[in-house]
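Dumped protein.cif below, it's mmCIF, C-alpha atoms and all ligand atoms:
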```
data_target
#
loop_
_atom_site.label_atom_id
_atom_site.label_comp_id
_atom_site.auth_asym_id
_atom_site.auth_seq_id
_atom_site.Cartn_x
_atom_site.Cartn_y
_atom_site.Cartn_z
CA MET A 18 -9.37 14.74 -9.50
CA ASN A 19 -12.57 14.67 -7.47
CA ILE A 20 -12.93 11.71 -5.15
CA SER A 21 -16.70 11.79 -5.48
CA GLY A 22 -17.61 9.63 -8.47
CA ALA A 23 -14.06 8.25 -8.93
CA ASN A 24 -13.46 4.52 -9.44
CA ILE A 25 -10.74 3.49 -7.01
CA LEU A 26 -8.95 0.13 -6.79
CA VAL A 27 -7.38 -0.61 -3.39
CA THR A 28 -5.14 -3.61 -2.72
CA GLY A 29 -5.23 -5.17 0.75
CA GLY A 30 -8.37 -3.26 1.70
CA GLY A 31 -9.68 -5.84 4.16
CA ARG A 32 -7.88 -4.68 7.28
CA GLY A 33 -5.84 -1.88 8.86
CA ILE A 34 -4.87 1.13 6.75
CA GLY A 35 -6.41 -0.33 3.57
CA GLN A 36 -9.77 -0.91 5.25
CA HIS A 37 -9.70 2.63 6.67
CA LEU A 38 -8.98 4.04 3.19
CA VAL A 39 -11.84 2.02 1.68
CA ASN A 40 -14.32 3.30 4.31
CA GLN A 41 -13.23 6.93 4.04
CA LEU A 42 -13.14 6.97 0.24
CA HIS A 43 -16.58 5.34 0.17
CA GLN A 44 -17.93 8.02 2.50
CA ALA A 45 -16.40 10.65 0.20
CA GLY A 46 -18.48 9.29 -2.70
CA ALA A 47 -16.02 6.99 -4.54
CA ARG A 48 -16.87 3.59 -6.03
CA LEU A 49 -14.39 0.97 -4.82
CA CYS A 50 -12.93 -2.29 -5.91
CA VAL A 51 -10.65 -4.20 -3.53
CA LEU A 52 -8.08 -6.94 -4.17
CA GLU A 53 -7.59 -8.85 -0.93
CA TYR A 54 -6.24 -12.36 -0.33
CA ASP A 55 -8.18 -13.08 2.86
CA ALA A 56 -11.52 -14.60 1.77
CA PRO A 57 -13.56 -13.82 4.95
CA LEU A 58 -12.39 -10.18 4.78
CA CYS A 59 -13.57 -10.06 1.14
CA GLU A 60 -16.98 -11.35 2.21
CA GLU A 61 -17.26 -8.68 4.91
CA LEU A 62 -16.41 -5.98 2.38
CA ASN A 63 -18.91 -7.32 -0.14
CA GLN A 64 -21.71 -7.06 2.41
CA LEU A 65 -20.86 -3.50 3.38
CA ALA A 66 -22.23 -1.61 0.38
CA PRO A 67 -22.83 -4.02 -2.52
CA ASP A 68 -23.62 -1.20 -4.98
CA SER A 69 -20.38 0.67 -4.42
CA ILE A 70 -17.79 -1.69 -2.89
CA GLN A 71 -16.75 -4.88 -4.66
CA ALA A 72 -14.01 -7.14 -3.26
CA LEU A 73 -12.21 -9.89 -5.18
CA GLN A 74 -10.05 -12.51 -3.56
CA CYS A 75 -6.58 -12.11 -5.08
CA ASP A 76 -2.99 -12.54 -3.96
CA VAL A 77 -1.37 -9.48 -5.51
CA SER A 78 2.08 -11.08 -5.33
CA ASP A 79 0.88 -13.68 -7.87
CA ALA A 80 1.27 -12.19 -11.38
CA ASP A 81 -1.27 -14.50 -13.05
CA ALA A 82 -3.87 -13.91 -10.34
CA VAL A 83 -3.39 -10.14 -10.74
CA ASP A 84 -3.80 -10.36 -14.53
CA ARG A 85 -7.05 -12.32 -14.14
CA ALA A 86 -8.45 -10.00 -11.45
CA VAL A 87 -7.71 -6.75 -13.30
CA GLN A 88 -9.22 -8.23 -16.49
CA GLN A 89 -12.36 -9.20 -14.56
CA ILE A 90 -12.64 -5.73 -13.00
CA VAL A 91 -12.30 -3.93 -16.33
CA GLU A 92 -14.73 -6.30 -18.07
CA SER A 93 -17.30 -5.60 -15.35
CA GLY A 94 -17.26 -1.95 -16.48
CA PHE A 95 -15.21 -0.61 -13.57
CA TYR A 96 -12.79 1.77 -15.33
CA ILE A 97 -10.06 2.48 -12.80
CA ASP A 98 -9.27 6.18 -12.15
CA VAL A 99 -7.12 5.66 -9.06
CA LEU A 100 -5.04 2.69 -7.92
CA ILE A 101 -3.91 2.49 -4.30
CA ASN A 102 -1.15 -0.10 -3.79
CA ASN A 103 -1.58 -0.75 -0.08
CA ALA A 104 -1.23 -4.53 0.38
CA GLY A 105 1.98 -5.53 2.05
CA ILE A 106 3.59 -7.29 4.95
CA ILE A 107 5.84 -5.79 7.59
CA HIS A 108 8.81 -7.98 8.49
CA SER A 109 11.72 -7.47 10.89
CA GLU A 110 14.83 -9.71 10.95
CA PRO A 111 18.52 -8.90 11.49
CA LEU A 112 20.96 -9.51 8.62
CA VAL A 113 22.98 -11.74 10.95
CA ASN A 114 21.57 -13.01 14.22
CA MET A 115 24.69 -13.43 16.37
CA LEU A 116 22.70 -15.01 19.21
CA SER A 117 21.49 -17.89 17.05
CA ARG A 118 23.57 -21.05 16.68
CA ALA A 119 21.60 -22.51 13.77
CA GLU A 120 20.06 -19.96 11.35
CA ARG A 121 22.46 -17.04 11.72
CA VAL A 122 21.83 -15.20 8.48
CA HIS A 123 18.60 -13.57 7.32
CA SER A 124 16.29 -16.25 5.90
CA ARG A 125 16.32 -16.16 2.09
CA ASP A 126 12.74 -17.42 2.03
CA ASN A 127 11.68 -14.45 4.14
CA TRP A 128 13.64 -12.07 1.90
CA ARG A 129 11.77 -13.43 -1.17
CA LYS A 130 8.40 -13.38 0.62
CA VAL A 131 8.73 -9.73 1.61
CA MET A 132 10.08 -8.58 -1.78
CA SER A 133 7.26 -10.44 -3.45
CA ALA A 134 4.47 -9.09 -1.20
CA ASP A 135 5.77 -5.51 -0.95
CA LEU A 136 7.52 -4.81 -4.27
CA ASP A 137 6.61 -7.39 -6.95
CA SER A 138 2.93 -6.81 -6.13
CA VAL A 139 3.24 -3.07 -6.84
CA PHE A 140 4.90 -3.80 -10.20
CA PHE A 141 2.35 -6.49 -11.19
CA VAL A 142 -0.78 -4.50 -10.32
CA THR A 143 0.46 -1.10 -11.55
CA SER A 144 1.65 -2.39 -14.94
CA ARG A 145 -1.75 -3.99 -15.67
CA VAL A 146 -3.77 -1.04 -14.39
CA VAL A 147 -1.67 1.55 -16.25
CA ASP A 148 -2.07 -0.47 -19.45
CA HIS A 149 -5.82 -0.24 -18.95
CA MET A 150 -5.68 3.51 -18.19
CA LEU A 151 -3.64 4.17 -21.32
CA ALA A 152 -5.97 2.07 -23.47
CA LYS A 153 -8.94 4.07 -22.17
CA ARG A 154 -7.00 7.35 -22.63
CA LYS A 155 -7.94 8.28 -19.06
CA LYS A 156 -6.11 10.51 -16.63
CA GLY A 157 -5.14 8.27 -13.76
CA ILE A 158 -3.38 8.28 -10.42
CA VAL A 159 -1.33 5.57 -8.72
CA ILE A 160 -0.71 5.98 -5.00
CA SER A 161 1.60 3.45 -3.35
CA ILE A 162 1.78 3.06 0.41
CA SER A 163 5.51 3.01 1.16
CA SER A 164 7.15 3.49 4.57
CA ILE A 165 9.79 5.68 6.17
CA ALA A 166 11.73 2.39 6.44
CA ALA A 167 12.68 3.13 2.80
CA ASN A 168 15.35 5.43 4.29
CA GLY A 169 16.94 2.35 5.89
CA ASN A 170 15.62 0.89 9.14
CA ALA A 171 17.97 -1.25 11.23
CA GLY A 172 16.61 -4.80 11.48
CA GLN A 173 14.39 -4.52 8.40
CA SER A 174 16.61 -5.36 5.38
CA ALA A 175 13.92 -6.81 3.14
CA TYR A 176 11.15 -4.41 4.14
CA SER A 177 13.40 -1.34 3.78
CA ALA A 178 14.68 -2.50 0.37
CA ALA A 179 11.17 -3.26 -0.89
CA LYS A 180 9.81 0.13 0.19
CA ALA A 181 12.85 1.93 -1.29
CA GLY A 182 11.99 0.07 -4.49
CA VAL A 183 8.42 1.37 -4.28
CA ASN A 184 9.72 4.94 -4.00
CA ALA A 185 12.08 4.41 -6.97
CA LEU A 186 9.20 3.06 -9.09
CA THR A 187 7.11 6.10 -8.13
CA HIS A 188 9.83 8.49 -9.35
CA THR A 189 10.45 6.40 -12.48
CA TRP A 190 6.82 6.08 -13.53
CA ALA A 191 6.10 9.77 -12.80
CA LYS A 192 8.79 10.67 -15.37
CA GLU A 193 7.86 7.95 -17.87
CA LEU A 194 4.08 8.38 -17.84
CA GLY A 195 3.53 12.01 -16.79
CA PRO A 196 3.37 13.09 -20.45
CA MET A 197 0.38 10.71 -20.84
CA GLY A 198 -1.51 12.42 -18.00
CA LEU A 199 -0.80 9.84 -15.30
CA ARG A 200 0.38 10.77 -11.80
CA PHE A 201 2.35 8.63 -9.31
CA ILE A 202 2.71 9.42 -5.61
CA ALA A 203 4.04 7.40 -2.67
CA VAL A 204 2.70 7.93 0.85
CA ALA A 205 5.29 6.89 3.43
CA PRO A 206 3.86 6.48 6.94
CA GLY A 207 5.93 6.26 10.10
CA PHE A 208 4.50 4.26 13.00
CA ILE A 209 0.73 4.13 12.60
CA ASP A 210 -1.68 2.90 15.26
CA THR A 211 -3.22 -0.12 13.52
CA PRO A 212 -4.33 -3.47 14.93
CA SER A 213 -1.31 -5.09 13.21
CA THR A 214 1.11 -2.59 14.81
CA ARG A 215 -0.42 -3.31 18.24
CA ALA A 216 -0.26 -7.07 17.58
CA ALA A 217 3.38 -6.95 16.44
CA LEU A 218 4.84 -4.70 19.13
CA SER A 219 4.60 -4.91 22.92
CA GLU A 220 3.30 -1.94 24.94
CA THR A 221 6.85 -1.31 26.22
CA ILE A 222 8.33 -1.16 22.71
CA LEU A 223 5.48 1.07 21.54
CA LEU A 224 6.14 3.52 24.39
CA LYS A 225 9.86 3.55 23.52
CA LEU A 226 9.10 4.19 19.85
CA GLN A 227 6.79 7.07 20.70
CA GLN A 228 9.62 8.76 22.60
CA GLN A 229 11.63 8.81 19.35
CA VAL A 230 8.84 10.58 17.45
CA PRO A 231 9.05 14.39 17.74
CA LEU A 232 5.25 14.55 18.08
CA ARG A 233 5.51 11.86 20.83
CA ARG A 234 2.68 9.67 19.55
CA LEU A 235 1.81 7.08 16.93
CA GLY A 236 0.06 8.34 13.81
CA GLU A 237 -3.63 7.71 13.25
CA MET A 238 -4.91 6.00 10.13
CA GLY A 239 -6.79 9.23 9.38
CA ALA A 240 -3.43 10.95 8.78
CA VAL A 241 -2.66 8.45 6.00
CA PHE A 242 -6.11 9.02 4.51
CA GLN A 243 -5.52 12.80 4.51
CA ALA A 244 -2.28 12.30 2.53
CA VAL A 245 -4.07 10.00 0.07
CA ARG A 246 -6.89 12.54 -0.36
CA TYR A 247 -4.34 15.31 -1.00
CA ALA A 248 -2.57 13.11 -3.57
CA ILE A 249 -5.83 12.46 -5.42
CA GLU A 250 -7.10 16.04 -5.34
CA ASN A 251 -3.90 17.97 -6.15
CA ASP A 252 -3.55 17.70 -9.93
CA TYR A 253 -0.02 19.18 -10.00
CA LEU A 254 1.46 16.60 -7.64
CA THR A 255 3.49 13.72 -9.05
CA GLY A 256 6.75 11.86 -8.34
CA SER A 257 6.59 12.82 -4.66
CA VAL A 258 6.98 10.74 -1.53
CA LEU A 259 4.68 12.20 1.16
CA GLU A 260 6.09 11.28 4.57
CA VAL A 261 3.46 11.04 7.31
CA ASP A 262 5.62 10.30 10.31
CA GLY A 263 5.22 12.86 13.11
CA GLY A 264 8.73 14.12 12.29
CA LEU A 265 10.50 10.80 12.87
CA VAL A 266 13.66 10.59 10.77
CA LEU A 267 15.27 7.20 10.25
P1 LIG A 301 -2.28 -5.03 7.78
O1 LIG A 301 -1.53 -6.30 7.90
O2 LIG A 301 -3.13 -4.60 8.92
O3 LIG A 301 -3.21 -5.08 6.49
C1 LIG A 301 -2.71 -5.48 5.24
C2 LIG A 301 -3.87 -5.98 4.39
O4 LIG A 301 -3.33 -6.38 3.13
C3 LIG A 301 -4.56 -7.21 4.99
O5 LIG A 301 -5.94 -7.12 4.78
C4 LIG A 301 -3.93 -8.38 4.21
O6 LIG A 301 -4.77 -9.51 4.15
C5 LIG A 301 -3.71 -7.72 2.85
N1 LIG A 301 -2.63 -8.35 2.08
C6 LIG A 301 -1.34 -8.55 2.48
N2 LIG A 301 -0.65 -9.16 1.49
C7 LIG A 301 -1.51 -9.33 0.46
C8 LIG A 301 -1.37 -9.90 -0.83
N3 LIG A 301 -0.22 -10.46 -1.25
N4 LIG A 301 -2.45 -9.89 -1.64
C9 LIG A 301 -3.62 -9.34 -1.25
N5 LIG A 301 -3.81 -8.81 -0.03
C10 LIG A 301 -2.76 -8.80 0.81
O7 LIG A 301 -1.18 -3.91 7.41
P2 LIG A 301 -1.22 -2.32 7.64
O8 LIG A 301 -0.49 -2.02 8.87
O9 LIG A 301 -2.59 -1.78 7.44
O10 LIG A 301 -0.26 -1.86 6.42
C11 LIG A 301 -0.78 -1.51 5.15
C12 LIG A 301 0.34 -0.91 4.30
O11 LIG A 301 0.90 0.22 4.98
C13 LIG A 301 1.51 -1.88 4.05
O12 LIG A 301 1.99 -1.70 2.75
C14 LIG A 301 2.54 -1.44 5.08
O13 LIG A 301 3.85 -1.75 4.67
C15 LIG A 301 2.29 0.06 5.10
N6 LIG A 301 2.76 0.69 6.35
C16 LIG A 301 2.18 0.41 7.55
C17 LIG A 301 2.64 1.04 8.70
C18 LIG A 301 2.03 0.80 10.06
O14 LIG A 301 2.51 1.39 11.04
N7 LIG A 301 1.01 -0.04 10.18
C19 LIG A 301 3.71 1.96 8.62
C20 LIG A 301 4.28 2.21 7.38
C21 LIG A 301 3.79 1.57 6.24
#
```
Spell out the structure here as structure tokens.
Ligand code: NAD
Amino acid sequence: MNISGANILVTGGGRGIGQHLVNQLHQAGARLCVLEYDAPLCEELNQLAPDSIQALQCDVSDADAVDRAVQQIVESGFYIDVLINNAGIIHSEPLVNMLSRAERVHSRDNWRKVMSADLDSVFFVTSRVVDHMLAKRKKGIVISISSIAANGNAGQSAYSAAKAGVNALTHTWAKELGPMGLRFIAVAPGFIDTPSTRAALSETILLKLQQQVPLRRLGEMGAVFQAVRYAIENDYLTGSVLEVDGGLVL
């Protein structure tokens, strides 16, 4: 599929990797719609290029809110060719914290929060968007931003499980909906240099992490965009997880 002229829906496009994807896809000639729960970030996006970028405030982990937003997008005449499931939260917490006297086991609230933001959201948005693609008899592509944590990352039970779920859904939907002309790809980054990565990890930890990466550096957001562009443009690609990780194996 050509990016130029495509209608692309991006979740969590207000910041970080999502924002980078929105900017790059816009420059490549796509029309964009963004679902983002941060209202000021939506406003910023809406002022960027009002003719070709439209942002709606929506928490994609809320099924009813997703149903309303997708309905509104379709009724506005924006027929989605590509969905990019990018919204998510990164969370680290040990299964059992042996140093803590009070809350020793992984918080169940945090488990639910991460599963809901990183896995339920992908199911809610994709099911609605695919229904719309099938009704319009359009060829469509769903790209989900996963993570190499899907292979199992110590200290990230919920995040690893959610991203493994995203990969499983990608394989499942590729088989189920390939015959209808729909493609499903996951892009699994390693450690990417984003403002949220820099905010979450100290300089010392970042330097340590880089030593574990064969290419000895964090990835740039541009590397994730290149994988997304390849996924959109290569019409024989489906069911794959594209790892963009500088060779880091977890
Ligand atoms: P980020 O926190 O910088 O940006 C996430 C964006 O999504 C924000 O704008 C946020 O407001 C929005 N968002 C979060 N939850 C939402 C929800 N429920 N509804 C609507 N919007 C929501 O994060 P990032 O680092 O850019 O990560 C983006 C994606 O890439 C995530 O899925 C993350 O798991 C994945 N990822 C990131 C890295 C990394 O190194 N940064 C590595 C691997 C995978």
Would you mind telling me which residue in A:Ala179, A:Leu235, A:Leu42, A:Leu73 lies nearest to A:Cys59 when using all atoms listed in the file? A:Leu73
Can you tell me, as number ranges by chain, what residues are no more than 6 Å from stretch 258-267 of chain A when counting all atoms listed in the file, ignoring any on the same chain fewer than 3 positions away? A: 203-207, 230-232
7 Å shell around ligand LIG 301 (chain A) using all atoms listed in the file, listed as an mmCIF file with C-alpha atoms, keeping the file's coordinate frame:
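To be explicit, this is the file written out as part04.cif:
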```
data_model
loop_
_atom_site.group_PDB
_atom_site.id
_atom_site.type_symbol
_atom_site.label_atom_id
_atom_site.label_comp_id
_atom_site.auth_asym_id
_atom_site.auth_seq_id
_atom_site.Cartn_x
_atom_site.Cartn_y
_atom_site.Cartn_z
ATOM 1 C CA THR A 28 -5.140 -3.610 -2.720
ATOM 2 C CA GLY A 29 -5.230 -5.170 0.750
ATOM 3 C CA GLY A 30 -8.370 -3.260 1.700
ATOM 4 C CA GLY A 31 -9.680 -5.840 4.160
ATOM 5 C CA ARG A 32 -7.880 -4.680 7.280
ATOM 6 C CA GLY A 33 -5.840 -1.880 8.860
ATOM 7 C CA ILE A 34 -4.870 1.130 6.750
ATOM 8 C CA GLY A 35 -6.410 -0.330 3.570
ATOM 9 C CA LEU A 52 -8.080 -6.940 -4.170
ATOM 10 C CA GLU A 53 -7.590 -8.850 -0.930
ATOM 11 C CA TYR A 54 -6.240 -12.360 -0.330
ATOM 12 C CA ASP A 55 -8.180 -13.080 2.860
ATOM 13 C CA CYS A 75 -6.580 -12.110 -5.080
ATOM 14 C CA ASP A 76 -2.990 -12.540 -3.960
ATOM 15 C CA VAL A 77 -1.370 -9.480 -5.510
ATOM 16 C CA SER A 78 2.080 -11.080 -5.330
ATOM 17 C CA ASN A 103 -1.580 -0.750 -0.080
ATOM 18 C CA ALA A 104 -1.230 -4.530 0.380
ATOM 19 C CA GLY A 105 1.980 -5.530 2.050
ATOM 20 C CA ILE A 106 3.590 -7.290 4.950
ATOM 21 C CA ILE A 107 5.840 -5.790 7.590
ATOM 22 C CA ALA A 134 4.470 -9.090 -1.200
ATOM 23 C CA ASP A 135 5.770 -5.510 -0.950
ATOM 24 C CA SER A 138 2.930 -6.810 -6.130
ATOM 25 C CA ILE A 162 1.780 3.060 0.410
ATOM 26 C CA SER A 163 5.510 3.010 1.160
ATOM 27 C CA SER A 164 7.150 3.490 4.570
ATOM 28 C CA ILE A 165 9.790 5.680 6.170
ATOM 29 C CA ALA A 205 5.290 6.890 3.430
ATOM 30 C CA PRO A 206 3.860 6.480 6.940
ATOM 31 C CA GLY A 207 5.930 6.260 10.100
ATOM 32 C CA PHE A 208 4.500 4.260 13.000
ATOM 33 C CA ILE A 209 0.730 4.130 12.600
ATOM 34 C CA ASP A 210 -1.680 2.900 15.260
ATOM 35 C CA THR A 211 -3.220 -0.120 13.520
ATOM 36 C CA PRO A 212 -4.330 -3.470 14.930
ATOM 37 C CA SER A 213 -1.310 -5.090 13.210
ATOM 38 C CA THR A 214 1.110 -2.590 14.810
#
```
May I ask which of the residues A:Ser174, A:Gln74, A:Lys156, A:Leu151 is the closest one to A:Glu110, counting all atoms listed in the file?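 Closest to A:Glu110 of all the choices is A:Ser174.
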Let me make sure I understand: among A:Ile249, A:Ala119, A:Leu199, A:Leu65, which one has the smallest atom-to-atom distance to A:Val39 if we use only C-alpha atoms?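 For A:Val39, the nearest of the candidates is A:Leu65.
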Mind rebuilding stretch 249-267 of chain A with N, CA and C atoms and writing that out as an mmCIF file, in the frame of the given file?
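Final output, saved to result18.cif:
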```
data_model
loop_
_atom_site.group_PDB
_atom_site.id
_atom_site.type_symbol
_atom_site.label_atom_id
_atom_site.label_comp_id
_atom_site.auth_asym_id
_atom_site.auth_seq_id
_atom_site.Cartn_x
_atom_site.Cartn_y
_atom_site.Cartn_z
ATOM 1 N N ILE A 249 -4.803 12.604 -4.365
ATOM 2 C CA ILE A 249 -5.830 12.460 -5.420
ATOM 3 C C ILE A 249 -6.261 13.844 -5.915
ATOM 4 N N GLU A 250 -6.455 14.771 -4.972
ATOM 5 C CA GLU A 250 -7.100 16.040 -5.340
ATOM 6 C C GLU A 250 -6.147 17.063 -5.950
ATOM 7 N N ASN A 251 -4.840 16.960 -5.655
ATOM 8 C CA ASN A 251 -3.900 17.970 -6.150
ATOM 9 C C ASN A 251 -3.345 17.547 -7.514
ATOM 10 N N ASP A 252 -3.877 18.144 -8.567
ATOM 11 C CA ASP A 252 -3.550 17.700 -9.930
ATOM 12 C C ASP A 252 -2.153 18.068 -10.397
ATOM 13 N N TYR A 253 -1.393 18.835 -9.581
ATOM 14 C CA TYR A 253 -0.020 19.180 -10.000
ATOM 15 C C TYR A 253 1.008 18.400 -9.196
ATOM 16 N N LEU A 254 0.546 17.369 -8.485
ATOM 17 C CA LEU A 254 1.460 16.600 -7.640
ATOM 18 C C LEU A 254 1.800 15.281 -8.335
ATOM 19 N N THR A 255 3.075 15.036 -8.552
ATOM 20 C CA THR A 255 3.490 13.720 -9.050
ATOM 21 C C THR A 255 4.968 13.481 -8.726
ATOM 22 N N GLY A 256 5.346 12.220 -8.611
ATOM 23 C CA GLY A 256 6.750 11.860 -8.340
ATOM 24 C C GLY A 256 7.175 12.109 -6.907
ATOM 25 N N SER A 257 6.222 12.469 -6.039
ATOM 26 C CA SER A 257 6.590 12.820 -4.660
ATOM 27 C C SER A 257 6.401 11.648 -3.705
ATOM 28 N N VAL A 258 7.194 11.666 -2.636
ATOM 29 C CA VAL A 258 6.980 10.740 -1.530
ATOM 30 C C VAL A 258 6.500 11.591 -0.348
ATOM 31 N N LEU A 259 5.245 11.413 0.048
ATOM 32 C CA LEU A 259 4.680 12.200 1.160
ATOM 33 C C LEU A 259 4.935 11.443 2.454
ATOM 34 N N GLU A 260 5.782 11.968 3.307
ATOM 35 C CA GLU A 260 6.090 11.280 4.570
ATOM 36 C C GLU A 260 5.109 11.732 5.644
ATOM 37 N N VAL A 261 4.473 10.755 6.281
ATOM 38 C CA VAL A 261 3.460 11.040 7.310
ATOM 39 C C VAL A 261 3.957 10.339 8.566
ATOM 40 N N ASP A 262 4.840 11.022 9.314
ATOM 41 C CA ASP A 262 5.620 10.300 10.310
ATOM 42 C C ASP A 262 5.816 11.020 11.636
ATOM 43 N N GLY A 263 5.079 12.120 11.848
ATOM 44 C CA GLY A 263 5.220 12.860 13.110
ATOM 45 C C GLY A 263 6.608 13.437 13.304
ATOM 46 N N GLY A 264 7.391 13.525 12.214
ATOM 47 C CA GLY A 264 8.730 14.120 12.290
ATOM 48 C C GLY A 264 9.837 13.121 12.537
ATOM 49 N N LEU A 265 9.476 11.832 12.621
ATOM 50 C CA LEU A 265 10.500 10.800 12.870
ATOM 51 C C LEU A 265 11.415 10.643 11.661
ATOM 52 N N VAL A 266 12.715 10.768 11.874
ATOM 53 C CA VAL A 266 13.660 10.590 10.770
ATOM 54 C C VAL A 266 14.474 9.333 11.037
ATOM 55 N N LEU A 267 14.481 8.426 10.083
ATOM 56 C CA LEU A 267 15.270 7.200 10.250
ATOM 57 C C LEU A 267 16.648 7.364 9.633
#
```
